[in-house]
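Peer 1: Enclosed is the structure file structure32.tsv (TSV, C-alpha atoms).
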chain	number	residue	atom	x	y	z
A	754	MET	CA	-3.77	-18.78	10.64
A	755	SER	CA	-5.84	-16.59	12.92
A	756	ARG	CA	-7.98	-14.05	11.11
A	757	ASN	CA	-7.19	-11.60	13.90
A	758	ARG	CA	-3.90	-10.87	12.18
A	759	PRO	CA	-3.17	-10.00	8.59
A	760	PRO	CA	-2.04	-12.82	6.31
A	761	PHE	CA	1.09	-12.08	4.33
A	762	PRO	CA	-0.25	-11.10	0.90
A	763	CYS	CA	1.38	-9.76	-2.19
A	764	SER	CA	1.20	-6.00	-2.28
A	765	ASN	CA	-1.89	-6.01	-4.48
A	766	GLY	CA	-3.75	-8.87	-2.78
A	767	ALA	CA	-4.16	-10.84	-6.00
A	768	GLN	CA	-2.30	-13.94	-4.92
A	769	ARG	CA	-1.82	-15.34	-1.42
A	770	PRO	CA	0.33	-18.10	0.08
A	771	PRO	CA	-1.05	-21.66	0.23
A	772	GLY	CA	-3.98	-21.93	2.58
A	773	HIS	CA	-5.20	-18.39	1.89
A	774	PRO	CA	-7.71	-18.43	-0.97
A	775	PRO	CA	-7.82	-15.40	-3.26
A	776	GLN	CA	-10.62	-12.93	-2.63
A	777	TRP	CA	-11.39	-12.32	-6.29
A	778	PRO	CA	-11.18	-14.41	-9.47
A	779	TYR	CA	-7.75	-14.10	-10.99
A	780	ASN	CA	-5.75	-15.40	-13.90
A	781	LYS	CA	-4.33	-18.80	-12.96
A	782	ALA	CA	-1.23	-18.03	-15.02
A	783	MET	CA	-0.12	-15.43	-12.48
A	784	PRO	CA	3.47	-14.20	-12.80
A	785	PRO	CA	5.82	-15.17	-9.96
A	786	ILE	CA	5.88	-13.12	-6.78
A	787	VAL	CA	9.04	-11.38	-5.60
A	788	ARG	CA	9.67	-10.12	-2.08
A	789	PHE	CA	11.55	-6.98	-1.12
A	790	VAL	CA	12.97	-6.26	2.33
A	791	ARG	CA	14.53	-3.17	3.86
A	792	ARG	CA	15.95	-2.78	7.36
A	793	LEU	CA	15.81	0.80	8.60
A	794	GLU	CA	18.91	2.03	10.43
A	795	ALA	CA	17.51	5.52	11.11
A	796	ARG	CA	14.30	7.45	10.60
A	797	PRO	CA	13.99	8.24	6.89
A	798	ALA	CA	13.95	11.92	5.99
A	799	GLU	CA	10.68	13.38	4.79
A	800	TRP	CA	10.47	13.58	1.01
A	801	GLN	CA	8.47	16.33	-0.66
A	802	HIS	CA	6.78	15.65	-3.97
A	803	PRO	CA	6.43	18.68	-6.27
A	804	ALA	CA	2.77	17.97	-7.10
A	805	ALA	CA	1.37	15.54	-4.52
A	806	HIS	CA	0.81	15.26	-0.79
A	807	VAL	CA	-0.25	12.42	1.52
A	808	ARG	CA	-3.23	12.10	3.82
A	809	THR	CA	-4.80	9.28	5.80
A	810	TYR	CA	-8.02	7.35	5.21
A	811	LEU	CA	-10.92	9.43	6.51
A	812	GLY	CA	-13.87	7.06	6.39
A	813	GLU	CA	-16.25	5.40	3.99
A	814	GLN	CA	-16.16	8.38	1.65
A	815	ASP	CA	-12.70	7.13	0.70
A	816	ILE	CA	-13.87	3.70	-0.45
A	817	GLU	CA	-14.78	4.78	-3.98
A	818	PRO	CA	-11.50	6.67	-4.56
A	819	TRP	CA	-9.56	3.64	-3.30
A	820	LEU	CA	-11.49	1.33	-5.62
A	821	ALA	CA	-10.90	3.62	-8.60
A	822	ILE	CA	-7.14	3.55	-7.98
A	823	ARG	CA	-7.02	-0.18	-7.28
A	824	ASN	CA	-9.09	-1.24	-10.27
A	825	ALA	CA	-7.16	0.95	-12.70
A	826	ALA	CA	-3.72	0.02	-11.34
A	827	PHE	CA	-4.29	-3.75	-11.33
A	828	ALA	CA	-6.36	-4.10	-14.50
A	829	PHE	CA	-3.38	-5.77	-16.18
A	830	LEU	CA	-3.76	-8.76	-13.85
A	831	GLY	CA	-7.22	-9.60	-15.13
A	832	GLY	CA	-10.11	-10.59	-12.89
A	833	ARG	CA	-13.19	-8.61	-12.02
A	834	PRO	CA	-13.06	-5.08	-10.62
A	835	TRP	CA	-13.36	-4.81	-6.87
A	836	THR	CA	-16.47	-3.37	-5.23
A	837	ALA	CA	-17.22	-1.68	-1.93
A	838	ALA	CA	-18.08	-5.11	-0.52
A	839	ASP	CA	-14.57	-6.32	-1.33
A	840	PHE	CA	-13.04	-3.30	0.39
A	841	ARG	CA	-15.12	-3.82	3.51
A	842	ARG	CA	-14.17	-7.51	3.64
A	843	GLU	CA	-10.47	-6.85	3.05
A	844	PHE	CA	-10.17	-3.93	5.48
A	845	LEU	CA	-13.14	-2.87	7.58
A	846	ALA	CA	-14.05	-6.42	8.66
A	847	GLN	CA	-10.52	-7.15	9.90
A	848	PRO	CA	-9.79	-6.32	13.56
A	849	TRP	CA	-6.10	-5.82	12.77
A	850	TRP	CA	-6.77	-3.13	10.17
A	851	PRO	CA	-4.95	0.12	11.08
A	852	ALA	CA	-7.05	2.83	9.43
A	853	ALA	CA	-4.52	5.48	10.48
A	854	THR	CA	-1.88	3.94	8.20
A	855	LEU	CA	-3.95	3.63	5.04
A	856	TRP	CA	-2.70	6.59	3.03
A	857	PHE	CA	-3.73	8.38	-0.12
A	858	ALA	CA	-1.50	10.47	-2.32
A	859	GLU	CA	-3.43	13.43	-3.70
A	860	VAL	CA	-2.66	15.95	-6.40
A	861	GLY	CA	-4.19	19.41	-6.45
A	862	GLY	CA	-6.13	20.89	-3.59
A	863	ASP	CA	-4.51	22.24	-0.44
A	864	ALA	CA	-1.91	20.07	1.21
A	865	PRO	CA	-2.85	19.35	4.86
A	866	THR	CA	-0.45	20.52	7.52
A	867	HIS	CA	-0.45	16.93	8.84
A	868	THR	CA	-1.29	13.67	7.12
A	869	SER	CA	-4.24	13.09	9.46
A	870	CYS	CA	-5.85	16.48	8.71
A	871	ASN	CA	-9.26	16.40	7.11
A	872	PRO	CA	-9.11	17.64	3.50
A	873	ASP	CA	-12.81	18.52	3.78
A	874	ALA	CA	-12.21	20.99	6.61
A	875	PRO	CA	-13.67	24.47	6.04
A	876	GLY	CA	-11.42	26.60	3.87
A	877	ARG	CA	-9.57	23.69	2.30
A	878	SER	CA	-10.00	22.34	-1.22
A	879	ARG	CA	-9.79	18.61	-1.69
A	880	GLY	CA	-7.31	17.07	-4.11
A	881	LEU	CA	-7.61	14.10	-6.45
A	882	PRO	CA	-6.47	10.76	-4.93
A	883	VAL	CA	-4.05	9.08	-7.35
A	884	GLY	CA	-2.24	6.53	-5.17
A	885	THR	CA	-2.69	4.48	-2.03
A	886	LEU	CA	-0.69	2.33	0.40
A	887	LEU	CA	-1.35	0.49	3.66
A	888	LEU	CA	1.25	-0.20	6.36
A	889	ALA	CA	0.38	-3.13	8.63
A	890	PRO	CA	2.23	-5.12	11.30
A	891	ALA	CA	3.60	-8.49	10.29
A	892	GLU	CA	2.38	-11.48	12.28
A	893	ARG	CA	6.03	-12.31	12.94
A	894	PRO	CA	8.74	-11.46	13.67
A	895	ALA	CA	8.24	-8.60	16.10
A	896	GLY	CA	9.35	-5.24	14.79
A	897	CYS	CA	8.49	-6.10	11.19
A	898	ALA	CA	5.93	-4.27	9.04
A	899	ILE	CA	4.31	-5.07	5.71
A	900	LEU	CA	3.59	-2.71	2.83
A	901	ARG	CA	0.21	-3.71	1.42
A	902	TRP	CA	-1.86	-2.51	-1.50
A	903	LEU	CA	0.62	-0.09	-3.02
A	904	ALA	CA	-1.25	1.18	-6.07
A	905	VAL	CA	-0.93	4.23	-8.29
A	906	HIS	CA	-3.39	5.20	-11.00
A	907	PRO	CA	-1.81	4.53	-14.42
A	908	ALA	CA	-2.07	8.21	-15.36
A	909	TRP	CA	0.27	9.03	-12.46
A	910	GLN	CA	2.67	6.12	-12.53
A	911	ARG	CA	6.42	6.76	-12.92
A	912	GLN	CA	6.02	10.22	-11.42
A	913	GLY	CA	7.22	9.61	-7.88
A	914	ILE	CA	3.82	8.91	-6.31
A	915	ALA	CA	4.74	5.39	-5.15
A	916	ARG	CA	8.01	6.63	-3.74
A	917	LEU	CA	6.17	9.35	-1.80
A	918	LEU	CA	3.81	6.77	-0.27
A	919	VAL	CA	6.61	4.35	0.59
A	920	ARG	CA	8.57	7.11	2.33
A	921	GLN	CA	5.49	8.03	4.37
A	922	ALA	CA	5.13	4.38	5.39
A	923	GLU	CA	8.81	4.12	6.29
A	924	MET	CA	8.64	7.16	8.59
A	925	ALA	CA	5.52	5.79	10.28
A	926	ALA	CA	7.12	2.35	10.64
A	927	TRP	CA	10.17	3.83	12.34
A	928	ASP	CA	8.03	5.91	14.70
A	929	THR	CA	6.07	2.78	15.64
A	930	GLY	CA	9.21	0.75	16.33
A	931	TRP	CA	9.03	-1.37	13.17
A	932	HIS	CA	12.53	-1.27	11.72
A	933	LYS	CA	12.15	-4.02	9.13
A	934	ILE	CA	9.78	-3.51	6.19
A	935	VAL	CA	8.65	-6.16	3.72
A	936	ALA	CA	6.74	-5.85	0.45
A	937	GLU	CA	5.78	-8.27	-2.31
A	938	THR	CA	4.91	-7.60	-5.93
A	939	HIS	CA	4.55	-9.41	-9.23
A	940	ALA	CA	7.84	-10.08	-10.98
A	941	ARG	CA	6.55	-8.72	-14.29
A	942	TRP	CA	5.58	-5.40	-12.73
A	943	GLN	CA	8.94	-3.92	-13.60
A	944	ALA	CA	8.09	-0.40	-12.46
A	945	ALA	CA	7.42	-1.66	-8.92
A	946	VAL	CA	10.55	-3.82	-8.94
A	947	ALA	CA	12.64	-0.83	-10.04
A	948	MET	CA	11.01	1.46	-7.47
A	949	TYR	CA	11.65	-0.85	-4.50
A	950	THR	CA	15.23	-1.38	-5.64
A	951	ALA	CA	15.79	2.37	-5.95
A	952	CYS	CA	14.36	2.86	-2.44
A	953	GLY	CA	16.98	0.53	-0.95
A	954	TYR	CA	14.99	-2.72	-0.77
A	955	THR	CA	16.69	-6.03	-1.53
A	956	CYS	CA	15.03	-8.91	-3.34
A	957	HIS	CA	14.47	-12.23	-1.52
A	958	PRO	CA	12.72	-15.49	-2.42
A	959	ALA	CA	8.97	-14.96	-2.14
A	960	HIS	CA	8.42	-17.43	0.69
A	961	SER	CA	11.72	-17.01	2.54
A	962	ALA	CA	11.59	-16.55	6.30
A	963	LEU	CA	11.22	-12.98	7.51
Could you rewrite the structure in this file as structure tokens?
Peer 2:
Amino acid sequence: MSRNRPPFPCSNGAQRPPGHPPQWPYNKAMPPIVRFVRRLEARPAEWQHPAAHVRTYLGEQDIEPWLAIRNAAFAFLGGRPWTAADFRREFLAQPWWPAATLWFAEVGGDAPTHTSCNPDAPGRSRGLPVGTLLLAPAERPAGCAILRWLAVHPAWQRQGIARLLVRQAEMAAWDTGWHKIVAETHARWQAAVAMYTACGYTCHPAHSAL
């Protein structure tokens, strides 16, 4: 597969289909992967969280917050913590990487008037990043998008942060013309399974055709 397009990973990047080696040491006894699919029939309505807001990736100053969320959220899988070098390899080194659709959910601080607004702008206080999600185009079929790297810090799980990020991704997908959205997660991560189901996603075999 060309490296100019994203491979189809599980949502946390810990396990990849045959032919795509993992990018960090992981437990060989990985739980099975499940795939969730949703076809959008209309633009999803914006959903307001009572304590959090969403903003986009702003640059390398966001690498450490992303790593803190990722390493805490996926500690249950085992393996070594990721470093800035892993982030750069997974994202910055990839020509397909859409920086504008890597989002952070923040709590506290001033909510930006638009997700692309700089939280460090004069007069604004920056919040604490507690969740992250990337929306990327699928290699095929056309009009299909992938939710990648959905992660919420354990201290903020089961509080609607993941749902907020997924809704942001769904609105962006619709606006881009991607009306089918796919995500994968570990079967034993019951909170993620329940969240995708509650958001209207249906479960499919992990390696079924898109």
Peer 1: Distance CA of His802 (chain A)-CA of Leu917 (chain A), one decimal place?
Peer 2: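 Computing the Euclidean distance for CA of His802 (chain A) and CA of Leu917 (chain A) yields 6.7 Å.
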Peer 1: Which is closest to Phe827 (chain A) among A:Ala904, A:Ala922, A:Ala951, A:Val935, if we use all atoms listed in the file?
Peer 2: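 That would be A:Ala904, the residue with the smallest distance to Phe827 (chain A).
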Peer 1: Of the residues A:Val790, A:Leu886, A:Ala804, A:Val946, which is the one nearest to Val905 (chain A), using only C-alpha atoms?
Peer 2: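 Under the stated criterion, the closest residue is A:Leu886.
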Peer 1: Counting all atoms listed in the file, which residue out of A:Ala825, A:Ile934, A:Cys956, A:Ile914 sits closest to Phe857 (chain A)?
Peer 2: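 Closest residue, counting all atoms listed in the file: A:Ile914.
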Peer 1: Hey, can you check how far CA of Ala936 (chain A) sits from CA of Ile899 (chain A)?
Peer 2: 5.8 Å
